[in-house]
Structure formats: C-alpha cells, structure tokens
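To keep things clear, I will list the structure first and then write my remarks on it.
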Amino acid sequence: MSPEAAGGAMIGSYMKTLLLLLWPLAALAADAPAIRIELVTGGHPHEISFYAVFEGNRDFKINVNPHPSAFRSDMRKSTDVLVLYDMADMDGETERRHLREFLEAGKGMVVLHHAVIDNQHWPWWYEEVIGGRYLLAPKGNQRASTYQHDVPMTVRPTGKHPITEGLGGFSIVDEVYNFMWRSPKTRVLLEADQPEGEKAVAWIGPWEKSRVVVIQLGHGQEAHENASYRKLVRNAIVWAAGK
Ligand SMILES: [Zn+2]
C-alpha cells in the first residue's frame, strides 16, 4: 500500500467511526419533529419583548399569523398548538368553524394574557373551552372586570402538574385582571399572593377534547423577560402538544 492509499484508508475508517458515533444523534433529531405553532396576535398593542419569550426553543416552529387570518383556513394538518395573544371577537362563521374543528380534533391551545378577553359574544368559547371570562361591562349580578398594571407578586403552583414541573414559586411584576368569571370546571395551576385580587393566574380549561391552558400573566417586558414566565409558557405549549 502506498503512503497515500494508507492515509486514505485511515481517513475512511475515521469517517466511518465518526458517522457511527453521530448516527444515533441524527436519528434522535429525526424522531423528534418540531412542535408546529400558530401564534395569533392582533387587536391589542404589545411590546416587542413578547417575541423573546419563545427564544431558545429550537424544537418550536412558530408561524406568527394575526387575527383573523389565522382562522381562515383549516389548521388541523398544519398546526399542533395554537397560541393566542390577540384580543378580538371572532364573529365570522367560517373562522369559528375552523377553530372549533381544530379543538375538536384533539389539538391543543395556549391562551396568553389579553387573549382571555377574546370572543366576548361566544359563550361556547368562554364557558366550555377556556372557562374564564373578562367582563368588559357588568352582567346581571356580576360586576365588570378590572385590570391593574405593575403589580409585584409571588406566584405558586397549586399542586403537581407537568406545566409547573420544576417551576416552584417565583416573583413577577405584571398586570393582573380582577373580578373575572371563572368556571368551576377549571383546574387552577398557579395562584398569586394577591390578598384583594384574583388569585388564579394560570389554569386548565374545562374543554375535554383537547388540552387548553390559560395563562393570565404576560403583559409587558418585565413578564416577558422573566425566566420563570418563559419556562411556564414553554411547558404549557409542550403539554398542549400532547408531549
Ligand atoms: Zn395587558
């Protein structure tokens, strides 16, 4: 064997070993497809820091699609999880059908902050799906809901759940909503130490055909940059995706 041929054979065997070592990693990556997320905004201004909440999640494939364009097509094949950060009413029958079909097909949804004010005229939405309603005006014996900015609070998980796993209690300064209606069928995940105000700041909706998570926190930069908030949103998306 010439020195060149011997060198070539050595490089060949080195490459083979390297490939054998890397193959399991490549196979693992191929086995874990990204979570396809449709992120719906619109109807409410927000700070650009909101988008940094999703940074570092290499396993997320996020498409930002403002309201109502997100709901103009059937999302069942293209999307794993719907993440809402819009504030709008959905009154079109086609858009409503697409959202209903998505949730009836077992697809998950995460509702963030002002998106709990969505769909004020759609009882199915606030009673059966998200299990919460922000009342823009008093209704019957219920007073109107209120909001308060820049509230420092400590937030604690109410029990064990994959969404709050490893989160523990954490401090956050954020906007809170008070005097909301919440369905008794919701399961509260996180409570804030607000003596006067609403304690539940994250819950699982009553919807049984798919996984629906509501996180009331998330107004501005202080929340968006909070590492625990980011972890909470990530965990909620992963759980809603059925993982
Ligand atoms: Zn807000």
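Residues are referred to by chain and number: the chain letter is A, B, ... according to the order shown in the structure tokens, the number counts from 1 in that chain, and ligands are numbered separately from 1 in the order shown.
Non-sequential neighbours of Arg234 of chain A (distance at most 9 Å, separation of 6 or more positions within a chain, only C-alpha atoms) are Val53, Phe54, Asn57 and Ile163 of chain A.
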Determine, for each residue of segment 95-184 of chain A having at least one atom at most 12 Å from an atom of segment 211-220 of chain A, the closest pair of atoms and their separation in Å to one decimal, counting only C-alpha atoms; order by chain and ascending number, as a Markdown table.
| residue | atom | partner | partner_atom | distance |
| --- | --- | --- | --- | --- |
| A:Phe102 | CA | A:Arg211 | CA | 11.4 |
| A:Leu103 | CA | A:Arg211 | CA | 8.4 |
| A:Glu104 | CA | A:Arg211 | CA | 10.4 |
| A:Ala105 | CA | A:Arg211 | CA | 10.8 |
| A:Gly106 | CA | A:Arg211 | CA | 7.4 |
| A:Lys107 | CA | A:Arg211 | CA | 7.0 |
| A:Gly108 | CA | A:Arg211 | CA | 4.7 |
| A:Met109 | CA | A:Val212 | CA | 4.8 |
| A:Val110 | CA | A:Val213 | CA | 4.8 |
| A:Val111 | CA | A:Val214 | CA | 4.7 |
| A:Leu112 | CA | A:Ile215 | CA | 5.1 |
| A:His113 | CA | A:Gln216 | CA | 4.3 |
| A:His114 | CA | A:Gln216 | CA | 7.4 |
| A:Ala115 | CA | A:Gln216 | CA | 8.5 |
| A:Val116 | CA | A:Gln216 | CA | 7.3 |
| A:Ile117 | CA | A:Gln216 | CA | 10.2 |
| A:Trp125 | CA | A:Val212 | CA | 11.3 |
| A:Tyr126 | CA | A:Val214 | CA | 11.2 |
| A:Glu128 | CA | A:Val212 | CA | 10.5 |
| A:Val129 | CA | A:Val212 | CA | 7.2 |
| A:Ile130 | CA | A:Val212 | CA | 6.7 |
| A:Gly131 | CA | A:Val214 | CA | 8.8 |
| A:Gly132 | CA | A:Val214 | CA | 8.6 |
| A:Arg133 | CA | A:Val214 | CA | 11.2 |
| A:Tyr134 | CA | A:Gln216 | CA | 10.6 |
| A:Tyr147 | CA | A:His219 | CA | 11.0 |
| A:Gln148 | CA | A:His219 | CA | 10.7 |
| A:His149 | CA | A:His219 | CA | 8.5 |
| A:Asp150 | CA | A:Gly220 | CA | 9.2 |
| A:Val151 | CA | A:Leu217 | CA | 10.9 |
| A:Pro152 | CA | A:Leu217 | CA | 11.9 |
| A:Met153 | CA | A:Leu217 | CA | 11.1 |
| A:Val155 | CA | A:Leu217 | CA | 10.3 |
| A:Pro162 | CA | A:Val213 | CA | 11.9 |
| A:Ile163 | CA | A:Val213 | CA | 9.3 |
| A:Thr164 | CA | A:Ile215 | CA | 11.7 |
| A:Ser171 | CA | A:Leu217 | CA | 11.9 |
| A:Ile172 | CA | A:Leu217 | CA | 9.2 |
| A:Val173 | CA | A:Gly220 | CA | 9.2 |
| A:Asp174 | CA | A:His219 | CA | 6.3 |
| A:Glu175 | CA | A:His219 | CA | 5.9 |
| A:Val176 | CA | A:Leu217 | CA | 7.0 |
| A:Tyr177 | CA | A:Gln216 | CA | 7.7 |
| A:Asn178 | CA | A:Gln216 | CA | 10.6 |
| A:Met180 | CA | A:Gln216 | CA | 10.8 |
| A:Arg182 | CA | A:Val214 | CA | 11.1 |
For the selection you just gave me, I'd like the residues written to a file as a PDB file, in the first residue's frame, keeping C-alpha atoms.
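What follows is the written file again.pdb:
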ATOM      1  CA  PHE A 102     -59.191  22.335  15.418  1.00  0.00           C
ATOM      2  CA  LEU A 103     -60.125  21.925  19.089  1.00  0.00           C
ATOM      3  CA  GLU A 104     -62.485  19.027  18.379  1.00  0.00           C
ATOM      4  CA  ALA A 105     -59.669  17.213  16.547  1.00  0.00           C
ATOM      5  CA  GLY A 106     -57.728  16.999  19.824  1.00  0.00           C
ATOM      6  CA  LYS A 107     -55.345  19.874  19.044  1.00  0.00           C
ATOM      7  CA  GLY A 108     -54.036  21.956  21.929  1.00  0.00           C
ATOM      8  CA  MET A 109     -54.224  25.666  22.665  1.00  0.00           C
ATOM      9  CA  VAL A 110     -52.466  28.113  24.974  1.00  0.00           C
ATOM     10  CA  VAL A 111     -54.260  31.386  25.713  1.00  0.00           C
ATOM     11  CA  LEU A 112     -51.972  34.170  26.897  1.00  0.00           C
ATOM     12  CA  HIS A 113     -52.843  37.328  28.837  1.00  0.00           C
ATOM     13  CA  HIS A 114     -55.238  39.669  26.931  1.00  0.00           C
ATOM     14  CA  ALA A 115     -56.424  36.748  24.762  1.00  0.00           C
ATOM     15  CA  VAL A 116     -58.717  35.817  27.692  1.00  0.00           C
ATOM     16  CA  ILE A 117     -60.760  38.842  26.557  1.00  0.00           C
ATOM     17  CA  TRP A 125     -65.675  29.787  23.968  1.00  0.00           C
ATOM     18  CA  TYR A 126     -65.617  31.270  27.460  1.00  0.00           C
ATOM     19  CA  GLU A 128     -66.763  25.379  27.643  1.00  0.00           C
ATOM     20  CA  VAL A 129     -63.301  25.958  26.213  1.00  0.00           C
ATOM     21  CA  ILE A 130     -61.241  28.402  28.295  1.00  0.00           C
ATOM     22  CA  GLY A 131     -63.508  28.523  31.348  1.00  0.00           C
ATOM     23  CA  GLY A 132     -62.908  32.185  32.011  1.00  0.00           C
ATOM     24  CA  ARG A 133     -64.411  35.500  31.079  1.00  0.00           C
ATOM     25  CA  TYR A 134     -63.192  39.054  31.437  1.00  0.00           C
ATOM     26  CA  TYR A 147     -57.056  45.465  35.447  1.00  0.00           C
ATOM     27  CA  GLN A 148     -54.081  46.772  37.354  1.00  0.00           C
ATOM     28  CA  HIS A 149     -50.612  47.340  35.929  1.00  0.00           C
ATOM     29  CA  ASP A 150     -47.174  46.760  37.500  1.00  0.00           C
ATOM     30  CA  VAL A 151     -48.277  44.568  40.399  1.00  0.00           C
ATOM     31  CA  PRO A 152     -45.399  42.812  42.207  1.00  0.00           C
ATOM     32  CA  MET A 153     -46.492  39.331  43.255  1.00  0.00           C
ATOM     33  CA  VAL A 155     -46.820  33.082  42.197  1.00  0.00           C
ATOM     34  CA  PRO A 162     -46.189  18.849  34.051  1.00  0.00           C
ATOM     35  CA  ILE A 163     -46.777  22.551  33.281  1.00  0.00           C
ATOM     36  CA  THR A 164     -45.484  23.726  36.650  1.00  0.00           C
ATOM     37  CA  SER A 171     -41.672  36.552  41.737  1.00  0.00           C
ATOM     38  CA  ILE A 172     -43.030  38.583  38.871  1.00  0.00           C
ATOM     39  CA  VAL A 173     -44.178  42.148  38.226  1.00  0.00           C
ATOM     40  CA  ASP A 174     -47.093  42.100  35.838  1.00  0.00           C
ATOM     41  CA  GLU A 175     -50.582  43.306  35.009  1.00  0.00           C
ATOM     42  CA  VAL A 176     -53.370  41.424  36.766  1.00  0.00           C
ATOM     43  CA  TYR A 177     -57.054  41.086  35.963  1.00  0.00           C
ATOM     44  CA  ASN A 178     -59.562  41.131  38.791  1.00  0.00           C
ATOM     45  CA  MET A 180     -63.141  37.764  36.196  1.00  0.00           C
ATOM     46  CA  ARG A 182     -64.062  31.561  36.093  1.00  0.00           C
TER      47      ARG A 182
END
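DSSP on the backbone gives alpha helix (DSSP H) for these parts of segment 28-202 of chain A: Leu28, Ala29, Ala30, Asp31, Glu93, Thr94, Glu95, Arg96, Arg97, His98, Leu99, Arg100, Glu101, Phe102, Leu103, Glu104 and Pro123 of chain A.
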Exercise. Which of these, A:Leu190, A:Trp207, A:Leu135, A:Leu84, has the shortest distance to Glu165 of chain A once you count only C-alpha atoms?
Worked result: A:Leu190
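Closest to ligand 1 among A:Lys160, A:Gly43, A:Lys139, A:Lys61 is A:Gly43, based on only C-alpha atoms and all ligand atoms.
Considering the residues A:Arg156, A:Arg76, A:Arg143, A:His224 and counting only C-alpha atoms and all ligand atoms, ligand 1 has its shortest atom-to-atom contact with A:His224.
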Exercise. Please, what distance in Å, to one decimal, runs between atom CA of Asp89 of chain A and atom CA of Ile204 of chain A?
Worked result: 21.4 Å
Problem set entry | Shell of 9 Å around Phe60 of chain A, only C-alpha atoms, local chain residues under 2 positions omitted, as a ChimeraX atom specification | /A:34-37,54,56-58,62
